[in-house]
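Chemist: One structure, as structure tokens, below. Some questions next.
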Amino acid sequence: MQSSASEYLRHGQTPFFRLPAVGWPVDPVDAMVLGVPHDGGTTYQPGARFAPYHVRRTSALVQSYHPTHRVDVFERVRAVDAGNVVFPPFSRPAMRDAVFEMMGDVTAAHAVPFVVGGDHSITAPILRAMAAAHGPVAVLHIDAHLDTSGPESWGDDHHHGTPIRHALAERWVAPGALASIGIRGPWATDDDAGIARRYDALIASPDDVSNRGVPKLVSELRERFAGK
């Protein structure tokens, strides 16, 4: 591990937060950072494939001591940067297969994954792998969009607007355990929200968050996700 910002400047390596950069197999750890440099599922502006690099680069000069909680995060948590998931950049099916396989390795290692995309289409294989390992999961989805579109919107069933629909339809999400927070803007059809509501999802717009207040909303989420 690069223990200081000065060490980063000296060596120029860019693992997340200067954590140890590791390959496989990995010694037992609490958490792993993975990058998925993919933006082949975007319907407008590309560039999300560069996010893993830039998130790592920016984090290299950020310190890990939390003054409010009075704890150095990485003294309490054994975390590593496990690099990027590798796949042909022009194949979306290959991306989904590679992410699913790598996530299986992470869950088998009993580590909590922190995944940096990439466009939102990477979410589907991540949730698929988590559900395969743990059963249906709870999802706190903070986004401007519901990501419940169907193929009729863009003529394709796997793009950045579809992962939550796949997660609900495939039962990767536990009943009532989806909360989509921050939803705004126009939809393709009214069924974008209808799909989520049929699975008893909580949908909150920015106005909803403002009117309820963050403490009340957090309390609702804790109750909704309890035991899931």
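We name chains A, B, ... following the order of the structure tokens; residues begin at 1 in each chain, and ligands are numbered from 1 as shown.
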So that I can check the surroundings of region 64-75 of chain A, please list as a list of chain:residue names every protein, DNA and RNA residue that reaches within 9 Å of it, counting only C-alpha atoms and ignoring chain neighbours fewer than 4 positions away.
Modeler: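 Close residues of region 64-75 of chain A: A:Phe17, A:Leu19, A:Ala79.
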Chemist: Please produce a file of the residues just selected, as a JSON list (two decimals), in the first residue's frame, where the atoms kept are N, CA and C atoms.
Modeler:
```json
[["chain", "number", "residue", "atom", "x", "y", "z"],
["A", 17, "PHE", "N", -7.39, 4.96, -3.61],
["A", 17, "PHE", "CA", -6.98, 5.43, -2.28],
["A", 17, "PHE", "C", -5.61, 4.91, -1.87],
["A", 19, "LEU", "N", -4.52, 1.99, -2.09],
["A", 19, "LEU", "CA", -4.62, 0.65, -1.51],
["A", 19, "LEU", "C", -3.67, -0.31, -2.22],
["A", 79, "ALA", "N", -8.85, -3.60, 2.80],
["A", 79, "ALA", "CA", -9.35, -3.37, 1.44],
["A", 79, "ALA", "C", -8.20, -3.39, 0.44]]
```
Chemist: For Val77 (chain A), list every protein, DNA or RNA residue within 10 Å, evaluated using only C-alpha atoms, and leave out those in the same chain fewer than 5 positions away; present the list as an MDAnalysis selection string.
Modeler: chainID A and resid 29:31 72
Chemist: Could you check how far CA of Gly182 (chain A) sits from CA of Ala204 (chain A), in Å to one decimal?
Modeler: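 These two atoms are separated by 5.9 Å.
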Chemist: One decimal, Å: what's the distance from CA of Ala133 (chain A) over to CA of Leu34 (chain A), could you say?
Modeler: 17.5 Å
Chemist: Using only C-alpha atoms, which of A:Ala179, A:Arg76, A:Val85, A:His54 sits nearest Gly23 (chain A)?
Modeler: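 Using only C-alpha atoms, Gly23 (chain A) sits closest to A:Val85.
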Chemist: Could you give me the residues within region 1-205 of chain A that DSSP places in strand (DSSP E), as an MDAnalysis selection string?
Modeler: chainID A and resid 31:36 65:66 71:72 79:84 112:117 137:142 173:181 202:204
Chemist: Could you write out that same residue set with C-alpha atoms as a CSV table (one decimal), in the first residue's frame?
Modeler:
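result-v3.csv, written as the output of this step:
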```
chain,number,residue,atom,x,y,z
A,31,ALA,CA,-13.5,-5.2,0.6
A,32,MET,CA,-12.3,-5.1,-3.0
A,33,VAL,CA,-12.5,-2.3,-5.5
A,34,LEU,CA,-13.1,-3.3,-9.1
A,35,GLY,CA,-13.3,-1.2,-12.3
A,36,VAL,CA,-15.5,-2.0,-15.2
A,65,TYR,CA,-9.1,9.7,8.2
A,66,HIS,CA,-12.7,10.6,9.0
A,71,VAL,CA,-11.4,6.7,12.5
A,72,ASP,CA,-9.0,5.9,9.7
A,79,ALA,CA,-9.3,-3.4,1.4
A,80,VAL,CA,-7.5,-3.9,-1.9
A,81,ASP,CA,-7.8,-2.6,-5.4
A,82,ALA,CA,-8.3,-5.7,-7.6
A,83,GLY,CA,-7.9,-3.9,-10.9
A,84,ASN,CA,-10.4,-3.9,-13.8
A,112,VAL,CA,-17.6,-6.7,-0.2
A,113,PRO,CA,-17.3,-5.4,-3.8
A,114,PHE,CA,-17.1,-1.7,-4.6
A,115,VAL,CA,-17.5,-1.5,-8.4
A,116,VAL,CA,-16.7,1.6,-10.4
A,117,GLY,CA,-18.3,1.7,-13.9
A,137,VAL,CA,-30.8,-8.7,-2.5
A,138,ALA,CA,-31.9,-5.2,-1.4
A,139,VAL,CA,-31.1,-2.4,-3.8
A,140,LEU,CA,-30.7,1.3,-2.9
A,141,HIS,CA,-30.7,2.9,-6.4
A,142,ILE,CA,-29.8,6.6,-6.4
A,173,VAL,CA,-34.1,-8.2,-6.0
A,174,ALA,CA,-36.0,-9.3,-2.9
A,175,PRO,CA,-39.7,-8.5,-2.8
A,176,GLY,CA,-40.2,-4.9,-1.7
A,177,ALA,CA,-36.5,-4.3,-1.5
A,178,LEU,CA,-35.9,-1.8,-4.2
A,179,ALA,CA,-35.7,1.9,-3.5
A,180,SER,CA,-35.1,4.3,-6.4
A,181,ILE,CA,-34.1,7.7,-5.0
A,202,LEU,CA,-40.2,2.8,-3.3
A,203,ILE,CA,-39.8,5.7,-5.8
A,204,ALA,CA,-38.8,9.1,-4.5
```
Chemist: CA of Thr148 (chain A) and CA of Leu168 (chain A) are how many Å apart?
Modeler: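 Interatomic distance, CA of Thr148 (chain A) to CA of Leu168 (chain A): 8.9 Å.
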Chemist: I want to know what sits within 10 Å of Ser153 (chain A), based on only C-alpha atoms, with residues of the same chain fewer than 5 positions away left out; could you give that as number ranges by chain?
Modeler: A: 161-162, 188-189
Chemist: Please write the residues from the selection above to a file, keeping C-alpha atoms, as a PDB file, in the first residue's frame.
Modeler:
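Produced file again.pdb, reproduced below:
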```
ATOM      1  CA  GLY A 161     -31.603   2.111 -19.180  1.00  0.00           C
ATOM      2  CA  THR A 162     -32.573  -1.540 -18.593  1.00  0.00           C
ATOM      3  CA  ALA A 188     -40.257   6.572 -22.199  1.00  0.00           C
ATOM      4  CA  THR A 189     -43.721   5.417 -21.026  1.00  0.00           C
TER       5      THR A 189
END
```
Chemist: What's the 9 Å shell around Ile195 (chain A), counting only C-alpha atoms, without same-chain residues fewer than 3 positions away, as a list in words?
Modeler: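 After dropping sequence-adjacent residues, the list is Thr148, Arg165, Leu168, Asp191, Asp192, Arg198, Tyr199 and Ala201 of chain A.
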Chemist: For the structure I just gave you, how does DSSP split region 154-224 of chain A - specifically, which residues are alpha helix (DSSP H)? Reply as a VMD selection string.
Modeler: chain A and resid 163 to 169 191 to 198 206 to 212 214 to 224
Chemist: Restricting it to C-alpha atoms, dump the selection as a PDB file, in the first residue's frame.
Modeler:
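Listing of again-v1.pdb after writing:
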```pdb
ATOM      1  CA  PRO A 163     -30.670  -3.094 -15.637  1.00  0.00           C
ATOM      2  CA  ILE A 164     -33.298  -2.568 -12.937  1.00  0.00           C
ATOM      3  CA  ARG A 165     -36.000  -4.101 -15.142  1.00  0.00           C
ATOM      4  CA  HIS A 166     -33.810  -7.182 -15.607  1.00  0.00           C
ATOM      5  CA  ALA A 167     -33.107  -7.340 -11.874  1.00  0.00           C
ATOM      6  CA  LEU A 168     -36.815  -7.247 -11.030  1.00  0.00           C
ATOM      7  CA  ALA A 169     -37.900  -9.681 -13.743  1.00  0.00           C
ATOM      8  CA  ASP A 191     -44.832   1.676 -17.533  1.00  0.00           C
ATOM      9  CA  ASP A 192     -41.273   2.660 -16.581  1.00  0.00           C
ATOM     10  CA  ALA A 193     -42.592   3.376 -13.091  1.00  0.00           C
ATOM     11  CA  GLY A 194     -45.340   0.766 -13.363  1.00  0.00           C
ATOM     12  CA  ILE A 195     -42.793  -2.048 -13.545  1.00  0.00           C
ATOM     13  CA  ALA A 196     -41.095  -0.892 -10.363  1.00  0.00           C
ATOM     14  CA  ARG A 197     -44.378  -0.347  -8.523  1.00  0.00           C
ATOM     15  CA  ARG A 198     -45.611  -3.833  -9.438  1.00  0.00           C
ATOM     16  CA  PRO A 206     -35.906  15.045  -5.401  1.00  0.00           C
ATOM     17  CA  ASP A 207     -39.070  16.853  -4.264  1.00  0.00           C
ATOM     18  CA  ASP A 208     -40.113  13.765  -2.277  1.00  0.00           C
ATOM     19  CA  VAL A 209     -36.724  13.704  -0.573  1.00  0.00           C
ATOM     20  CA  SER A 210     -36.993  17.413   0.250  1.00  0.00           C
ATOM     21  CA  ASN A 211     -40.564  17.138   1.555  1.00  0.00           C
ATOM     22  CA  ARG A 212     -39.977  14.022   3.658  1.00  0.00           C
ATOM     23  CA  VAL A 214     -33.506  12.818   4.788  1.00  0.00           C
ATOM     24  CA  PRO A 215     -33.834  11.409   8.357  1.00  0.00           C
ATOM     25  CA  LYS A 216     -37.410  10.250   7.723  1.00  0.00           C
ATOM     26  CA  LEU A 217     -36.479   8.732   4.363  1.00  0.00           C
ATOM     27  CA  VAL A 218     -33.518   6.893   5.882  1.00  0.00           C
ATOM     28  CA  SER A 219     -35.820   5.526   8.590  1.00  0.00           C
ATOM     29  CA  GLU A 220     -38.235   4.282   5.910  1.00  0.00           C
ATOM     30  CA  LEU A 221     -35.385   2.603   4.049  1.00  0.00           C
ATOM     31  CA  ARG A 222     -34.102   0.890   7.193  1.00  0.00           C
ATOM     32  CA  GLU A 223     -37.565  -0.493   7.861  1.00  0.00           C
ATOM     33  CA  ARG A 224     -38.063  -1.581   4.248  1.00  0.00           C
TER      34      ARG A 224
END
```
Chemist: Using only C-alpha atoms, which residues of region 108-192 of chain A come within 6 Å of region 38-44 of chain A, and what is the closest atom pair for each, with the distance in Å to one decimal? Give it as JSON lines, sorted by chain and residue number.
Modeler:
```
{"residue": "A:Gly118", "atom": "CA", "partner": "A:His38", "partner_atom": "CA", "distance": 4.6}
{"residue": "A:Asp119", "atom": "CA", "partner": "A:Asp39", "partner_atom": "CA", "distance": 5.0}
{"residue": "A:Ser121", "atom": "CA", "partner": "A:Gly41", "partner_atom": "CA", "distance": 5.9}
{"residue": "A:His159", "atom": "CA", "partner": "A:Gly41", "partner_atom": "CA", "distance": 4.2}
{"residue": "A:His160", "atom": "CA", "partner": "A:Gly41", "partner_atom": "CA", "distance": 5.2}
```
Chemist: Which one is closest to Arg78 (chain A): A:Ala98, A:Ala111, A:Val106, A:Ile122? Count only C-alpha atoms.
Modeler: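 Of A:Ala98, A:Ala111, A:Val106, A:Ile122, the one nearest Arg78 (chain A) is A:Ala111, counting only C-alpha atoms.
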